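Take a look at the structure below.
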Amino acid sequence: MIEFLQALFDPDNEFLRLAILVGIISSFSFGIIGTYIITRRISYIAGAISHCVFGGIGASLFLQNRIGITWFTPMVGTVISALLAAVVIGLASLYGRQREDTVIGTIWALGMASGVLFIDLTPGYFDISSYLFGDILLISNADIWIVAGLDLTIVLLSFFFYNKLIAVCFDDEFARLRGINSSLFYLLLLCLTALTVVLLVRVVGIIMVIALLTIPSAIASYFAKRLWQMMAVAVALCMVFTSSGLALSYSYNISSGPAIIIVAGITYMLVISGSWVFQTQKKQNQSPTKNSPEK
């Protein structure tokens with residue numbers, strides 16, 4: 001850890017400072033949207049959206065290198081594909097006659113398959129591991145502004161429609177009775193989830209998006225009684241996990257994305273174990289002893 005802190009303040013290691021900054025900025029979106037997802041129980045939808053992002057990445061590489069459309073960067077591709085997947089899944093869930101899980105599974109598979117095919121048709125060699133497993137250390141100064149803009153958009157919309165999103169997450173029927181267009185705000189929640197997935201892909205990659213989107217909020221649920229408290233704790237945990245994972249990856253020369261998830265996963269298991277022990281002891285203390293005299 002001391003070695004990491006020394007490297008962090010080294011003028012030649014700007015990439016480390018950018019990585020820490022992105023982790024801190026993005027944690028606000030991760031914690032807030034993750035709480036909504038845990039409450040609504042739509043983590044499987046977030047997983048489908050994250051895998052559709054690979055199709056957008058493949059399309060952007062194809063358009064840039066084969067067609068010559070240079071402005072269609074992987075970031076543009078991920079945003080478009082994520083939002084498109086969110087809208088399709090949302091409309092299918094709300095108005096389609098097909099089973100929701102079938103639609104989600106199809107979108108999930110199509111996203112990954114189309115991404116692979118686009119990359120196969122693109123001339124040159126591309127290392128897709130950074131997209132699959134994340135590499136926050138590759139963040140540039142230009143990326144900082146994009147990440148900050150997306151993060152600010154997500155946070156502002158989440159808080160501006162806070163009460164309506166809560167109503168949709170807990171009870172659709174109640175929201176309709178109160179005059180809230182629950183379908184519209186459900187689609188908004190999915191779109192916010194899609195934008196958060198775009199940020200997550202830059203940090204931990206496509207495969208591990210669900211982990212960092214749900215684990216901090218799941219841990220926070222053990223310590224918070226209100227939804228806003230759960231969001232605040234989840235944001236703080238995301239900051240700790242990304243910073244600790246980066247320190248671990250730098251110290252032991254391992255991939256940053258998996259290191260972040262390992263830290264989060266171990267913490268979650270410890271919290272679950274601690275909660276189980278606490279509840280067991282509490283029940284034992286509350287139950288009458290066998291040798292206690294009868295009244």
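Simple scheme: letters A, B, ... for chains in structure tokens order, numbers from 1 for residues in each chain, numbers from 1 for ligands in the order shown.
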
Give the alpha helix (DSSP H) residues of region 134-245 of chain A, as DSSP finds them on the backbone, and put them as a PyMOL selection string.
chain A and resi 141-160+162-170+172-177+182-204+209-220+227-245

Would you give me, as CSV, each residue of region 87-181 of chain A having an atom within 12 Å of an atom of region 237-243 of chain A, along with its shortest atom pair and that distance in Å to one decimal, using only C-alpha atoms and sorting by chain and residue number?
```
residue,atom,partner,partner_atom,distance
A:Asp135,CA,A:Thr242,CA,11.7
A:Ile136,CA,A:Thr242,CA,9.5
A:Leu137,CA,A:Thr242,CA,11.6
```

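Distance annotation: of A:Ile146, A:Ile69, A:Ile57, A:Ile261, the residue with the minimal separation from Ser81 (chain A) is A:Ile57; atom set is only C-alpha atoms.
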
Counting only C-alpha atoms, what is within 8 Å of Val22 (chain A), bar same-chain residues fewer than 5 positions away, as a PyMOL selection string?
chain A and resi 136+139+144+147

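Here CA of Gly58 (chain A) is placed at a distance of 20.0 Å from CA of Val87 (chain A).
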
For a quick check of understanding, using only C-alpha atoms, which of A:Ser183, A:Thr78, A:Ser256, A:Thr39 has the smallest distance to Tyr95 (chain A)?
A:Ser183

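Closest approach to Ala247 (chain A) among A:Val79, A:Leu132, A:Leu91, A:Ile20 is made by A:Ile20 (distances from only C-alpha atoms).
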
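One finds CA of Met75 (chain A) at 19.8 Å from CA of Ile33 (chain A).
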
Pick out the residues sitting within 10 Å of Gly257 (chain A), and hand them over as a PyMOL selection string; count only C-alpha atoms, and ignore anything fewer than 4 positions along from it in its own chain.
chain A and resi 130+132-137+200-205+207-209+212+242+245-246+249+261-262

List the spatial neighbours of Val271 (chain A) as a ChimeraX atom specification - criterion: any atom at most 10 Å away, only C-alpha atoms, same-chain residues fewer than 3 positions off excluded.
/A:218-220,222,265-268,274-277

Counting only C-alpha atoms, what are the residues of region 74-175 of chain A within 9 Å of region 191-195 of chain A, and for each of them which pair of atoms is the nearest and at what distance in Å, to one decimal? Sort the table by chain and rising number, as a Markdown table.
```
| residue | atom | partner | partner_atom | distance |
| --- | --- | --- | --- | --- |
| A:Thr78 | CA | A:Leu195 | CA | 8.8 |
| A:Val79 | CA | A:Leu195 | CA | 6.5 |
| A:Ser81 | CA | A:Ala194 | CA | 8.8 |
| A:Ala82 | CA | A:Ala194 | CA | 5.0 |
| A:Leu83 | CA | A:Ala194 | CA | 5.6 |
| A:Leu84 | CA | A:Cys191 | CA | 8.6 |
| A:Ala85 | CA | A:Ala194 | CA | 8.0 |
| A:Ala86 | CA | A:Cys191 | CA | 5.7 |
| A:Val87 | CA | A:Cys191 | CA | 7.1 |
| A:Leu150 | CA | A:Leu195 | CA | 6.9 |
| A:Asp151 | CA | A:Leu195 | CA | 8.3 |
| A:Thr153 | CA | A:Leu192 | CA | 8.8 |
| A:Ile154 | CA | A:Leu192 | CA | 6.0 |
| A:Leu157 | CA | A:Leu192 | CA | 8.2 |
| A:Ser158 | CA | A:Leu192 | CA | 7.9 |
```

Among listed residues A:Asp12, A:Glu100, A:Asp120, A:Glu173, nearest Ile45 (chain A) (using only C-alpha atoms):
A:Glu100

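Straight-line separation from CA of Leu165 (chain A) to CA of Ile210 (chain A): 20.3 Å.
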
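Candidate residues A:Ser114, A:Glu14, A:Trp228, A:Ser251 were compared for distance to Asn163 (chain A), and the nearest is A:Trp228, using only C-alpha atoms.
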
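Counting only C-alpha atoms, Phe54 (chain A) has the following residues at most 6 Å away, ignoring those fewer than 2 positions along the same chain: A:His51, A:Cys52, A:Gly56, A:Ile57, A:Met112, A:Gly115.
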